[in-house]
$ cat start-v4.txt   # compact mmCIF, C-alpha atoms
# COMPACT_ATOMS: atom_id res chain seq x y z
CA MET T 1 -26.60 -56.98 -4.33
CA ASN T 2 -26.31 -54.16 -1.84
CA ARG T 3 -29.49 -54.21 0.25
CA ASN T 4 -28.52 -51.12 2.22
CA ASN T 5 -30.56 -48.52 0.48
CA CYS T 6 -32.68 -47.70 -2.53
CA LEU T 7 -34.45 -44.85 -4.26
CA VAL T 8 -38.10 -45.29 -5.28
CA VAL T 9 -39.49 -43.41 -8.29
CA PHE T 10 -42.67 -42.34 -6.54
CA SER T 11 -45.81 -40.68 -7.91
CA GLY T 12 -48.32 -41.37 -5.16
CA GLY T 13 -50.22 -43.70 -7.48
CA GLN T 14 -51.23 -47.31 -6.78
CA ASP T 15 -48.19 -48.88 -8.41
CA SER T 16 -45.45 -46.72 -6.95
CA THR T 17 -47.10 -46.70 -3.51
CA THR T 18 -47.06 -50.50 -3.55
CA CYS T 19 -43.40 -50.31 -4.62
CA LEU T 20 -42.61 -47.93 -1.77
CA PHE T 21 -43.80 -50.48 0.79
CA TRP T 22 -42.12 -53.34 -1.13
CA ALA T 23 -38.90 -51.31 -0.90
CA LYS T 24 -39.34 -50.74 2.83
CA LYS T 25 -39.52 -54.49 3.27
CA ASN T 26 -36.51 -55.24 1.09
CA PHE T 27 -34.05 -52.45 1.89
CA GLU T 28 -32.65 -51.00 5.09
CA LYS T 29 -33.06 -47.37 4.05
CA VAL T 30 -35.55 -46.08 1.48
CA PHE T 31 -35.53 -42.72 -0.31
CA ALA T 32 -38.12 -41.48 -2.81
CA ILE T 33 -38.23 -39.01 -5.68
CA CYS T 34 -41.35 -37.47 -7.19
CA PHE T 35 -41.86 -35.33 -10.31
CA ASP T 36 -43.95 -32.25 -11.00
CA TYR T 37 -44.10 -32.10 -14.80
CA GLY T 38 -47.26 -30.03 -15.19
CA GLN T 39 -49.59 -33.05 -15.05
CA LYS T 40 -53.29 -32.22 -14.75
CA HIS T 41 -53.54 -34.65 -11.84
CA VAL T 42 -51.01 -32.60 -9.83
CA ALA T 43 -52.92 -33.56 -6.66
CA GLU T 44 -50.94 -36.83 -6.82
CA ILE T 45 -47.91 -34.90 -5.56
CA GLU T 46 -49.77 -33.90 -2.40
CA GLN T 47 -50.72 -37.55 -1.88
CA ALA T 48 -47.12 -38.57 -2.51
CA LYS T 49 -45.98 -36.19 0.22
CA LYS T 50 -48.54 -37.53 2.71
CA ILE T 51 -47.80 -41.18 1.99
CA ALA T 52 -44.01 -40.68 2.10
CA GLU T 53 -44.25 -38.77 5.36
CA SER T 54 -46.41 -41.38 7.06
CA ALA T 55 -44.08 -44.12 5.78
CA ASP T 56 -41.07 -42.16 7.11
CA VAL T 57 -39.44 -41.99 3.68
CA PRO T 58 -37.51 -38.81 2.72
CA LEU T 59 -39.07 -37.45 -0.49
CA ARG T 60 -37.33 -35.25 -3.03
CA ILE T 61 -39.67 -33.37 -5.37
CA MET T 62 -38.23 -32.28 -8.72
CA GLN T 63 -39.81 -29.63 -10.94
CA ILE T 64 -39.36 -30.65 -14.58
CA PRO T 65 -41.64 -28.39 -16.63
CA PHE T 66 -39.57 -29.09 -19.75
CA ILE T 67 -41.47 -32.35 -20.32
CA ASN T 68 -44.69 -30.62 -21.35
CA GLN T 69 -42.83 -28.00 -23.37
CA LEU T 70 -41.37 -30.76 -25.52
CA SER T 71 -44.36 -32.59 -26.89
CA HIS T 72 -48.14 -32.58 -26.82
CA ASN T 73 -50.13 -35.10 -24.87
CA SER T 74 -53.46 -35.12 -23.11
CA LEU T 75 -51.97 -35.59 -19.63
CA THR T 76 -50.38 -32.14 -19.64
CA ASP T 77 -52.24 -30.23 -22.37
CA PHE T 78 -55.46 -28.81 -20.97
CA SER T 79 -56.89 -28.28 -24.48
CA MET T 80 -56.77 -32.02 -25.31
CA THR T 81 -59.32 -34.65 -24.36
CA MET T 82 -57.87 -37.88 -23.04
CA ASP T 83 -58.14 -41.05 -25.10
CA THR T 84 -60.08 -43.57 -23.06
CA GLU T 85 -58.96 -46.49 -25.20
CA LYS T 86 -55.80 -47.22 -27.15
CA PRO T 87 -56.28 -46.17 -30.80
CA ILE T 88 -55.48 -48.77 -33.47
CA ASN T 89 -51.97 -48.33 -34.95
CA ALA T 90 -51.10 -45.38 -32.71
CA LEU T 91 -50.02 -44.64 -29.16
CA PRO T 92 -52.76 -43.28 -26.86
CA ASN T 93 -52.63 -39.48 -26.54
CA THR T 94 -52.02 -39.93 -22.80
CA PHE T 95 -48.49 -41.11 -23.73
CA VAL T 96 -45.97 -38.55 -22.45
CA ALA T 97 -42.97 -39.18 -24.71
CA GLY T 98 -39.85 -39.89 -22.69
CA ARG T 99 -41.58 -39.72 -19.31
CA ASN T 100 -40.14 -42.87 -17.75
CA LEU T 101 -36.86 -42.20 -19.54
CA PHE T 102 -36.58 -38.83 -17.77
CA PHE T 103 -38.00 -39.99 -14.43
CA ILE T 104 -35.59 -42.88 -14.09
CA SER T 105 -32.62 -40.99 -15.54
CA ILE T 106 -33.11 -38.10 -13.12
CA ALA T 107 -33.59 -40.63 -10.32
CA ALA T 108 -30.25 -42.21 -11.23
CA VAL T 109 -28.35 -38.90 -11.13
CA TYR T 110 -29.95 -38.12 -7.77
CA ALA T 111 -29.20 -41.65 -6.52
CA ARG T 112 -25.54 -41.15 -7.44
CA GLU T 113 -25.53 -37.88 -5.50
CA ILE T 114 -26.88 -39.55 -2.32
CA ASP T 115 -24.77 -42.69 -2.83
CA VAL T 116 -27.58 -45.11 -3.63
CA LYS T 117 -27.22 -47.93 -6.18
CA ASN T 118 -30.70 -49.47 -6.19
CA ILE T 119 -33.56 -47.79 -8.06
CA VAL T 120 -37.14 -49.07 -7.73
CA THR T 121 -39.85 -48.28 -10.26
CA GLY T 122 -43.44 -49.48 -10.55
CA VAL T 123 -43.53 -49.88 -14.34
CA SER T 124 -45.35 -52.95 -15.58
CA GLN T 125 -45.39 -54.55 -18.99
CA THR T 126 -48.55 -56.54 -18.20
CA ASP T 127 -50.99 -53.64 -18.18
CA PHE T 128 -48.78 -51.33 -20.18
CA SER T 129 -51.58 -49.53 -22.07
CA GLY T 130 -49.47 -49.37 -25.21
CA TYR T 131 -46.76 -47.24 -23.56
CA PRO T 132 -43.41 -48.46 -24.96
CA ASP T 133 -41.49 -47.10 -21.96
CA CYS T 134 -43.19 -49.56 -19.61
CA ARG T 135 -41.65 -52.57 -21.32
CA ASP T 136 -39.03 -54.73 -19.68
CA SER T 137 -36.66 -54.44 -22.66
CA PHE T 138 -36.69 -50.64 -22.32
CA ILE T 139 -35.89 -50.76 -18.61
CA ARG T 140 -33.01 -53.21 -19.12
CA SER T 141 -31.58 -51.11 -21.92
CA LEU T 142 -31.91 -47.96 -19.81
CA ASN T 143 -30.15 -49.69 -16.92
CA VAL T 144 -27.11 -50.34 -19.14
CA THR T 145 -27.26 -46.81 -20.59
CA LEU T 146 -27.30 -45.21 -17.12
CA ASN T 147 -24.38 -47.30 -15.96
CA LEU T 148 -22.39 -46.31 -19.03
CA ALA T 149 -23.41 -42.64 -18.70
CA MET T 150 -22.02 -42.29 -15.19
CA ASP T 151 -19.65 -45.22 -14.84
CA GLU T 152 -21.81 -46.64 -12.06
CA GLU T 153 -23.45 -49.96 -11.24
CA PHE T 154 -27.07 -49.08 -10.72
CA VAL T 155 -29.59 -51.90 -10.42
CA ILE T 156 -33.14 -51.04 -11.47
CA HIS T 157 -35.80 -53.09 -9.67
CA THR T 158 -39.25 -53.55 -11.19
CA PRO T 159 -41.31 -55.62 -8.71
CA LEU T 160 -44.51 -55.12 -10.74
CA MET T 161 -43.12 -55.80 -14.23
CA TRP T 162 -44.98 -59.09 -14.79
CA LEU T 163 -47.92 -58.55 -12.44
CA ASP T 164 -51.38 -57.58 -13.62
CA LYS T 165 -53.38 -55.05 -11.59
CA ALA T 166 -55.12 -57.78 -9.55
CA GLN T 167 -51.72 -59.24 -8.62
CA THR T 168 -50.47 -55.75 -7.69
CA TRP T 169 -53.41 -55.47 -5.25
CA GLN T 170 -52.46 -58.91 -3.96
CA LEU T 171 -48.89 -57.73 -3.39
CA ALA T 172 -50.15 -54.70 -1.46
CA ASP T 173 -52.29 -57.04 0.65
CA THR T 174 -49.35 -59.36 1.32
CA LEU T 175 -47.32 -56.33 2.41
CA GLY T 176 -50.17 -55.40 4.77
CA VAL T 177 -50.90 -52.09 3.04
CA LEU T 178 -53.96 -52.77 0.87
CA GLU T 179 -56.07 -50.19 2.70
CA ILE T 180 -53.33 -47.55 2.60
CA VAL T 181 -52.89 -48.05 -1.14
CA ARG T 182 -56.63 -48.13 -1.76
CA ASN T 183 -57.48 -45.02 0.25
CA GLN T 184 -54.42 -42.81 0.02
CA SER T 185 -52.89 -43.37 -3.42
CA LEU T 186 -53.99 -41.37 -6.45
CA THR T 187 -54.03 -43.07 -9.85
CA CYS T 188 -56.92 -41.14 -11.42
CA TYR T 189 -56.07 -38.91 -14.39
CA ASN T 190 -58.74 -36.53 -13.09
CA GLY T 191 -57.00 -36.14 -9.76
CA ILE T 192 -59.44 -37.90 -7.41
CA VAL T 193 -57.84 -39.76 -4.49
CA GLY T 194 -58.60 -43.41 -3.72
CA ASP T 195 -61.17 -45.06 -5.95
CA GLY T 196 -61.02 -42.02 -8.29
CA CYS T 197 -63.44 -40.75 -10.94
CA GLY T 198 -64.12 -44.29 -12.11
CA HIS T 199 -64.19 -43.60 -15.84
CA CYS T 200 -60.68 -42.47 -16.95
CA PRO T 201 -58.41 -45.24 -18.33
CA ALA T 202 -56.33 -45.34 -15.13
CA CYS T 203 -59.41 -45.70 -12.89
CA LYS T 204 -60.92 -48.43 -15.07
CA LEU T 205 -57.71 -50.48 -14.95
CA ARG T 206 -57.32 -49.99 -11.20
CA LYS T 207 -60.95 -50.79 -10.43
CA ALA T 208 -61.07 -53.91 -12.60
CA GLY T 209 -57.92 -55.19 -10.88
CA LEU T 210 -59.26 -54.55 -7.41
CA GLU T 211 -62.59 -56.26 -8.17
CA LYS T 212 -60.77 -59.25 -9.66
CA TYR T 213 -58.49 -59.56 -6.63
CA LEU T 214 -61.29 -59.18 -4.09
CA LEU T 215 -63.37 -61.78 -5.96
CA GLU T 216 -60.46 -64.25 -6.03
CA LEU T 217 -59.96 -63.65 -2.30
CA LYS T 218 -63.64 -64.33 -1.64
CA ILE T 219 -63.60 -67.57 -3.65
CA LYS T 220 -60.44 -68.73 -1.85
CA ASN T 221 -61.82 -68.07 1.65
CA MET Q 19 -30.94 -43.97 -44.00
CA ASN Q 20 -33.26 -41.04 -44.41
CA ARG Q 21 -31.11 -38.05 -45.42
CA ASN Q 22 -34.03 -35.66 -45.39
CA ASN Q 23 -33.50 -34.00 -42.08
CA CYS Q 24 -31.66 -34.07 -38.79
CA LEU Q 25 -31.50 -32.41 -35.39
CA VAL Q 26 -28.13 -31.19 -34.09
CA VAL Q 27 -27.46 -31.06 -30.35
CA PHE Q 28 -25.88 -27.62 -30.44
CA SER Q 29 -24.03 -25.66 -27.75
CA GLY Q 30 -22.21 -23.06 -29.80
CA GLY Q 31 -18.88 -24.68 -28.92
CA GLN Q 32 -16.19 -25.84 -31.36
CA ASP Q 33 -17.40 -29.42 -31.62
CA SER Q 34 -21.11 -28.86 -32.09
CA THR Q 35 -20.52 -25.92 -34.44
CA THR Q 36 -18.38 -28.19 -36.63
CA CYS Q 37 -21.19 -30.77 -36.44
CA LEU Q 38 -23.76 -28.16 -37.46
CA PHE Q 39 -21.89 -27.51 -40.70
CA TRP Q 40 -21.22 -31.24 -41.19
CA ALA Q 41 -24.99 -31.74 -40.88
CA LYS Q 42 -25.73 -28.99 -43.38
CA LYS Q 43 -23.55 -30.82 -45.88
CA ASN Q 44 -25.09 -34.23 -45.21
CA PHE Q 45 -28.81 -33.51 -44.72
CA GLU Q 46 -31.38 -31.59 -46.70
CA LYS Q 47 -32.90 -29.84 -43.70
CA VAL Q 48 -31.11 -29.16 -40.40
CA PHE Q 49 -32.66 -28.25 -37.06
CA ALA Q 50 -30.77 -27.51 -33.83
CA ILE Q 51 -31.50 -27.67 -30.11
CA CYS Q 52 -29.56 -25.87 -27.39
CA PHE Q 53 -29.70 -26.15 -23.57
CA ASP Q 54 -29.65 -23.56 -20.83
CA TYR Q 55 -28.83 -25.58 -17.70
CA GLY Q 56 -27.36 -22.81 -15.55
CA GLN Q 57 -23.84 -23.20 -16.92
CA LYS Q 58 -21.41 -20.45 -15.92
CA HIS Q 59 -20.44 -20.02 -19.56
CA VAL Q 60 -24.04 -19.10 -20.48
CA ALA Q 61 -22.62 -16.75 -23.14
CA GLU Q 62 -22.32 -19.86 -25.33
CA ILE Q 63 -26.10 -19.72 -25.83
CA GLU Q 64 -25.82 -16.24 -27.35
CA GLN Q 65 -23.12 -17.54 -29.67
CA ALA Q 66 -25.28 -20.56 -30.53
CA LYS Q 67 -28.11 -18.20 -31.54
CA LYS Q 68 -25.81 -16.10 -33.74
CA ILE Q 69 -24.20 -19.09 -35.44
CA ALA Q 70 -27.53 -20.87 -36.03
CA GLU Q 71 -29.08 -17.71 -37.43
CA SER Q 72 -26.22 -17.03 -39.84
CA ALA Q 73 -26.28 -20.70 -40.90
CA ASP Q 74 -30.06 -20.49 -41.43
CA VAL Q 75 -30.77 -23.29 -38.96
CA PRO Q 76 -33.91 -23.08 -36.76
CA LEU Q 77 -32.77 -23.25 -33.13
CA ARG Q 78 -34.88 -24.42 -30.20
CA ILE Q 79 -33.60 -23.35 -26.79
CA MET Q 80 -34.66 -25.49 -23.82
CA GLN Q 81 -34.45 -24.34 -20.19
CA ILE Q 82 -33.47 -27.30 -18.02
CA PRO Q 83 -32.50 -25.88 -14.61
CA PHE Q 84 -33.13 -29.27 -12.99
CA ILE Q 85 -29.65 -30.42 -14.05
CA ASN Q 86 -27.84 -28.20 -11.57
CA GLN Q 87 -30.37 -28.88 -8.83
CA LEU Q 88 -29.55 -32.57 -9.05
CA SER Q 89 -25.83 -32.75 -8.41
CA HIS Q 90 -22.85 -30.57 -7.68
CA ASN Q 91 -20.23 -29.80 -10.29
CA SER Q 92 -17.93 -26.91 -10.98
CA LEU Q 93 -19.56 -25.99 -14.31
CA THR Q 94 -22.78 -24.86 -12.64
CA ASP Q 95 -21.81 -24.30 -8.99
CA PHE Q 96 -20.33 -20.81 -8.59
CA SER Q 97 -18.79 -21.75 -5.24
CA MET Q 98 -16.59 -24.48 -6.75
CA THR Q 99 -13.25 -24.03 -8.50
CA MET Q 100 -12.85 -26.01 -11.71
CA ASP Q 101 -10.42 -28.91 -11.87
CA THR Q 102 -7.88 -28.09 -14.52
CA GLU Q 103 -6.66 -31.67 -14.77
CA LYS Q 104 -8.38 -35.02 -14.31
CA PRO Q 105 -7.86 -36.27 -10.73
CA ILE Q 106 -6.48 -39.80 -10.30
CA ASN Q 107 -9.24 -42.36 -9.61
CA ALA Q 108 -12.05 -39.82 -9.85
CA LEU Q 109 -14.04 -37.94 -12.45
CA PRO Q 110 -13.11 -34.26 -12.89
CA ASN Q 111 -15.42 -31.92 -10.96
CA THR Q 112 -16.42 -30.36 -14.30
CA PHE Q 113 -18.38 -33.59 -14.98
CA VAL Q 114 -22.11 -32.76 -15.03
CA ALA Q 115 -23.67 -36.14 -14.24
CA GLY Q 116 -26.17 -37.16 -16.88
CA ARG Q 117 -25.61 -34.11 -19.09
CA ASN Q 118 -25.29 -35.87 -22.45
CA LEU Q 119 -27.92 -38.37 -21.35
CA PHE Q 120 -30.42 -35.53 -20.83
CA PHE Q 121 -29.32 -33.45 -23.83
CA ILE Q 122 -29.67 -36.32 -26.28
CA SER Q 123 -32.83 -37.73 -24.66
CA ILE Q 124 -34.56 -34.35 -24.78
CA ALA Q 125 -33.33 -33.93 -28.35
CA ALA Q 126 -34.92 -37.28 -29.25
CA VAL Q 127 -38.33 -36.36 -27.79
CA TYR Q 128 -38.18 -33.05 -29.65
CA ALA Q 129 -37.04 -34.81 -32.85
CA ARG Q 130 -40.05 -37.12 -32.60
CA GLU Q 131 -42.31 -34.09 -32.24
CA ILE Q 132 -40.95 -32.45 -35.42
CA ASP Q 133 -40.76 -35.77 -37.30
CA VAL Q 134 -36.97 -36.07 -37.47
CA LYS Q 135 -35.14 -39.41 -37.18
CA ASN Q 136 -31.48 -38.35 -37.33
CA ILE Q 137 -29.77 -36.84 -34.31
CA VAL Q 138 -26.26 -35.37 -34.56
CA THR Q 139 -24.01 -34.85 -31.54
CA GLY Q 140 -20.41 -33.69 -31.26
CA VAL Q 141 -19.33 -36.08 -28.50
CA SER Q 142 -15.87 -37.57 -28.93
CA GLN Q 143 -14.24 -40.46 -27.17
CA THR Q 144 -10.76 -39.39 -28.29
CA ASP Q 145 -10.45 -36.29 -26.10
CA PHE Q 146 -13.12 -37.35 -23.65
CA SER Q 147 -11.49 -35.83 -20.55
CA GLY Q 148 -12.66 -38.74 -18.41
CA TYR Q 149 -16.36 -38.08 -19.03
CA PRO Q 150 -18.06 -41.50 -19.34
CA ASP Q 151 -20.97 -40.03 -21.31
CA CYS Q 152 -18.71 -39.14 -24.23
CA ARG Q 153 -17.87 -42.77 -24.96
CA ASP Q 154 -19.08 -44.57 -28.05
CA SER Q 155 -20.54 -47.46 -26.03
CA PHE Q 156 -22.73 -45.03 -24.08
CA ILE Q 157 -24.05 -43.39 -27.24
CA ARG Q 158 -24.86 -46.75 -28.86
CA SER Q 159 -26.62 -47.96 -25.73
CA LEU Q 160 -28.57 -44.69 -25.49
CA ASN Q 161 -29.62 -45.03 -29.14
CA VAL Q 162 -31.20 -48.41 -28.39
CA THR Q 163 -32.77 -47.10 -25.18
CA LEU Q 164 -34.35 -44.13 -26.96
CA ASN Q 165 -35.74 -46.33 -29.71
CA LEU Q 166 -37.27 -48.66 -27.11
CA ALA Q 167 -38.60 -45.74 -25.03
CA MET Q 168 -40.62 -44.27 -27.87
CA ASP Q 169 -40.95 -47.13 -30.33
CA GLU Q 170 -38.98 -45.13 -32.89
CA GLU Q 171 -35.98 -45.67 -35.15
CA PHE Q 172 -33.68 -42.81 -34.30
CA VAL Q 173 -30.14 -42.86 -35.65
CA ILE Q 174 -27.58 -40.96 -33.59
CA HIS Q 175 -24.66 -39.62 -35.65
CA THR Q 176 -21.33 -38.82 -34.00
CA PRO Q 177 -19.05 -37.44 -36.71
CA LEU Q 178 -16.33 -36.49 -34.18
CA MET Q 179 -16.35 -39.71 -32.12
CA TRP Q 180 -12.89 -40.91 -33.20
CA LEU Q 181 -11.31 -37.57 -34.13
CA ASP Q 182 -8.87 -35.72 -31.91
CA LYS Q 183 -9.11 -31.94 -31.63
CA ALA Q 184 -6.61 -31.38 -34.46
CA GLN Q 185 -8.69 -33.62 -36.74
CA THR Q 186 -11.84 -31.74 -35.72
CA TRP Q 187 -10.16 -28.51 -36.86
CA GLN Q 188 -9.23 -30.30 -40.07
CA LEU Q 189 -12.87 -31.32 -40.59
CA ALA Q 190 -13.98 -27.70 -40.08
CA ASP Q 191 -11.38 -26.63 -42.65
CA THR Q 192 -12.55 -29.26 -45.13
CA LEU Q 193 -16.11 -28.01 -44.65
CA GLY Q 194 -14.86 -24.47 -45.39
CA VAL Q 195 -15.77 -23.12 -41.94
CA LEU Q 196 -12.50 -23.05 -40.01
CA GLU Q 197 -12.64 -19.29 -39.52
CA ILE Q 198 -16.30 -19.34 -38.48
CA VAL Q 199 -15.62 -22.06 -35.90
CA ARG Q 200 -12.45 -20.37 -34.69
CA ASN Q 201 -13.93 -16.87 -34.29
CA GLN Q 202 -17.58 -17.45 -33.46
CA SER Q 203 -17.77 -20.64 -31.39
CA LEU Q 204 -17.40 -20.60 -27.62
CA THR Q 205 -15.70 -23.55 -25.92
CA CYS Q 206 -14.16 -21.70 -22.96
CA TYR Q 207 -15.49 -22.59 -19.50
CA ASN Q 208 -14.96 -18.92 -18.59
CA GLY Q 209 -17.27 -17.75 -21.35
CA ILE Q 210 -14.82 -16.02 -23.71
CA VAL Q 211 -15.65 -16.34 -27.43
CA GLY Q 212 -13.15 -17.62 -30.00
CA ASP Q 213 -9.68 -18.42 -28.65
CA GLY Q 214 -11.04 -18.07 -25.08
CA CYS Q 215 -9.28 -17.51 -21.76
CA GLY Q 216 -6.49 -19.88 -22.75
CA HIS Q 217 -6.07 -21.58 -19.38
CA CYS Q 218 -9.26 -23.56 -18.60
CA PRO Q 219 -9.24 -27.28 -19.58
CA ALA Q 220 -11.50 -26.66 -22.60
CA CYS Q 221 -9.31 -23.83 -23.92
CA LYS Q 222 -6.11 -25.84 -23.48
CA LEU Q 223 -7.54 -28.78 -25.44
CA ARG Q 224 -8.91 -26.54 -28.17
CA LYS Q 225 -5.72 -24.51 -28.51
CA ALA Q 226 -3.40 -27.53 -28.59
CA GLY Q 227 -5.56 -29.07 -31.32
CA LEU Q 228 -5.55 -25.92 -33.42
CA GLU Q 229 -1.79 -25.48 -33.12
CA LYS Q 230 -1.23 -29.12 -34.06
CA TYR Q 231 -3.50 -28.84 -37.10
CA LEU Q 232 -2.00 -25.56 -38.30
CA LEU Q 233 1.52 -27.00 -37.91
CA GLU Q 234 0.59 -30.13 -39.89
CA LEU Q 235 -0.92 -27.89 -42.58
CA LYS Q 236 2.29 -25.83 -42.72
CA ILE Q 237 4.50 -28.93 -43.03
CA LYS Q 238 2.25 -30.35 -45.75
CA ASN Q 239 2.29 -27.16 -47.86

$ encode --input "start-v4.txt" --output "structure tokens"
Amino acid sequence: MNRNNCLVVFSGGQDSTTCLFWAKKNFEKVFAICFDYGQKHVAEIEQAKKIAESADVPLRIMQIPFINQLSHNSLTDFSMTMDTEKPINALPNTFVAGRNLFFISIAAVYAREIDVKNIVTGVSQTDFSGYPDCRDSFIRSLNVTLNLAMDEEFVIHTPLMWLDKAQTWQLADTLGVLEIVRNQSLTCYNGIVGDGCGHCPACKLRKAGLEKYLLELKIKN
Amino acid sequence: MNRNNCLVVFSGGQDSTTCLFWAKKNFEKVFAICFDYGQKHVAEIEQAKKIAESADVPLRIMQIPFINQLSHNSLTDFSMTMDTEKPINALPNTFVAGRNLFFISIAAVYAREIDVKNIVTGVSQTDFSGYPDCRDSFIRSLNVTLNLAMDEEFVIHTPLMWLDKAQTWQLADTLGVLEIVRNQSLTCYNGIVGDGCGHCPACKLRKAGLEKYLLELKIKN
């Protein structure tokens, strides 16, 4: 595998921020791409800019308003209330249909343009919240599809695929960036940096993971 | 297979117009989606509207300017001259990286929103002009990827996949729409309706196919 360079699909959230620093450790040159798709928590883009700048990673921001014109979901539709738990027999209304499909596909076309073969994304099947486009089988299938679409040999890396949130915090700690991720990243659906609002599904997951990791650390030491 | 309804990826060109009428014959209810991506031959969208309206097919037009912000190609970049033949060892500069990937992916998200499982596209491997995203293997891989992305069971139909341009004219004739396709569709990269400018790659291919089909018809009768 070519370790020269990679492109990180970056949102400024916990997962992709951890991936950004993982990428910096594993590749010589790191680029990032970020998406403005009309999300309510648009503040994450400002955080993405700050984190990328301080990590010395060139960041490309793409405007893709078509995503919220296509389908209704509570992450982009201000008239909808967000599901806080996954409904039985249905996807949560925070599911943005095709989001990872579009993010990674656009990343691949951009990667081709800047001559990069490695794409890094923070998707995880472990805490996948019922989102089908976070599953490993989807990512592998997409990898083949992208290579066929452009006659390229992209390699999609998913360092968090089989980690739970506590293990993702552990990875950030191992990379020496736990405090950066904790204080600067924005995971909260309500747009609050760091520890967030504390009650949206994203905050709950993040908080439970952090508490679990910090407890394990305490027991170990 | 559910024959109730389908969504046609429609550009107003020869191939997708033929597919629109093929779909009308094979499905009870037909919808269409069309893309404005900053193509020079934007007049095709006006033709798409006219054809869809006269065929009584509801048409959704999506603005996706991000495609020409992502990479350079001579179909959207006014400063580039179009390749008229495929260069050796390279893709023609008319290749818009990821175009069919985005068109069909967006179509799938929209199809899900309007409760449609069948997607029809006019891509063809026979006259594929060196575009990797017109190949059958790409379409099949994308079908799996889309199903995994949204936990759906889409079926992508490609009635022209193994037809050459003469056979596509024959199909239009069989469907009773040869004159409609010939006079109302717009394939020309220079934006001229019907028989077009006559010298761009798309016109050459279309014209050669028509002449071949009309000659075969003459010999047969």

$ interface_residues --input "start-v4.txt" --of "chain T" --to "chain Q" --cutoff "10 Å" --atoms "all atoms listed in the file" --output "ChimeraX atom specification"
/T:62-67,69-72,91,95-102,105-114,131-152

$ residues_around --input "start-v4.txt" --residues "Gly191 in chain T" --least-positions-apart "3" --cutoff "9 Å" --atoms "only C-alpha atoms" --output "VMD selection string"
chain T and resid 40 to 44 186 to 188 196 to 197

$ residues_around --input "start-v4.txt" --residues "range 173-184 of chain Q" --least-positions-apart "5" --cutoff "9 Å" --atoms "all atoms listed in the file" --output "NGL selection string"
:Q and (19 or 33 or 36-37 or 40 or 122 or 135-145 or 152-154 or 157-158 or 160-161 or 165 or 189 or 223-232)

$ atom_distance --input "start-v4.txt" --atom1 "CA of Lys67 in chain Q" --atom2 "CA of Ile210 in chain Q"
15.6 Å

$ residues_near_point --input "start-v4.txt" --point "(-26.9, -31.0, -41.3)" --cutoff "10 Å" --atoms "all atoms listed in the file" --output "PyMOL selection string"
chain Q and resi 21-26+37-50+75+136-138

$ write_last_selection --input "start-v4.txt" --atoms "C-alpha atoms" --output "PDB file, in the frame of the given file"
ATOM      1  CA  ARG Q  21     -31.110 -38.050 -45.420  1.00  0.00           C
ATOM      2  CA  ASN Q  22     -34.030 -35.660 -45.390  1.00  0.00           C
ATOM      3  CA  ASN Q  23     -33.500 -34.000 -42.080  1.00  0.00           C
ATOM      4  CA  CYS Q  24     -31.660 -34.070 -38.790  1.00  0.00           C
ATOM      5  CA  LEU Q  25     -31.500 -32.410 -35.390  1.00  0.00           C
ATOM      6  CA  VAL Q  26     -28.130 -31.190 -34.090  1.00  0.00           C
ATOM      7  CA  CYS Q  37     -21.190 -30.770 -36.440  1.00  0.00           C
ATOM      8  CA  LEU Q  38     -23.760 -28.160 -37.460  1.00  0.00           C
ATOM      9  CA  PHE Q  39     -21.890 -27.510 -40.700  1.00  0.00           C
ATOM     10  CA  TRP Q  40     -21.220 -31.240 -41.190  1.00  0.00           C
ATOM     11  CA  ALA Q  41     -24.990 -31.740 -40.880  1.00  0.00           C
ATOM     12  CA  LYS Q  42     -25.730 -28.990 -43.380  1.00  0.00           C
ATOM     13  CA  LYS Q  43     -23.550 -30.820 -45.880  1.00  0.00           C
ATOM     14  CA  ASN Q  44     -25.090 -34.230 -45.210  1.00  0.00           C
ATOM     15  CA  PHE Q  45     -28.810 -33.510 -44.720  1.00  0.00           C
ATOM     16  CA  GLU Q  46     -31.380 -31.590 -46.700  1.00  0.00           C
ATOM     17  CA  LYS Q  47     -32.900 -29.840 -43.700  1.00  0.00           C
ATOM     18  CA  VAL Q  48     -31.110 -29.160 -40.400  1.00  0.00           C
ATOM     19  CA  PHE Q  49     -32.660 -28.250 -37.060  1.00  0.00           C
ATOM     20  CA  ALA Q  50     -30.770 -27.510 -33.830  1.00  0.00           C
ATOM     21  CA  VAL Q  75     -30.770 -23.290 -38.960  1.00  0.00           C
ATOM     22  CA  ASN Q 136     -31.480 -38.350 -37.330  1.00  0.00           C
ATOM     23  CA  ILE Q 137     -29.770 -36.840 -34.310  1.00  0.00           C
ATOM     24  CA  VAL Q 138     -26.260 -35.370 -34.560  1.00  0.00           C
TER      25      VAL Q 138
END

$ closest_residue --input "start-v4.txt" --among "T:Asn221, T:Ser79, T:Gln170, T:Thr17" --to "Gln47 in chain T" --atoms "all atoms listed in the file"
T:Thr17
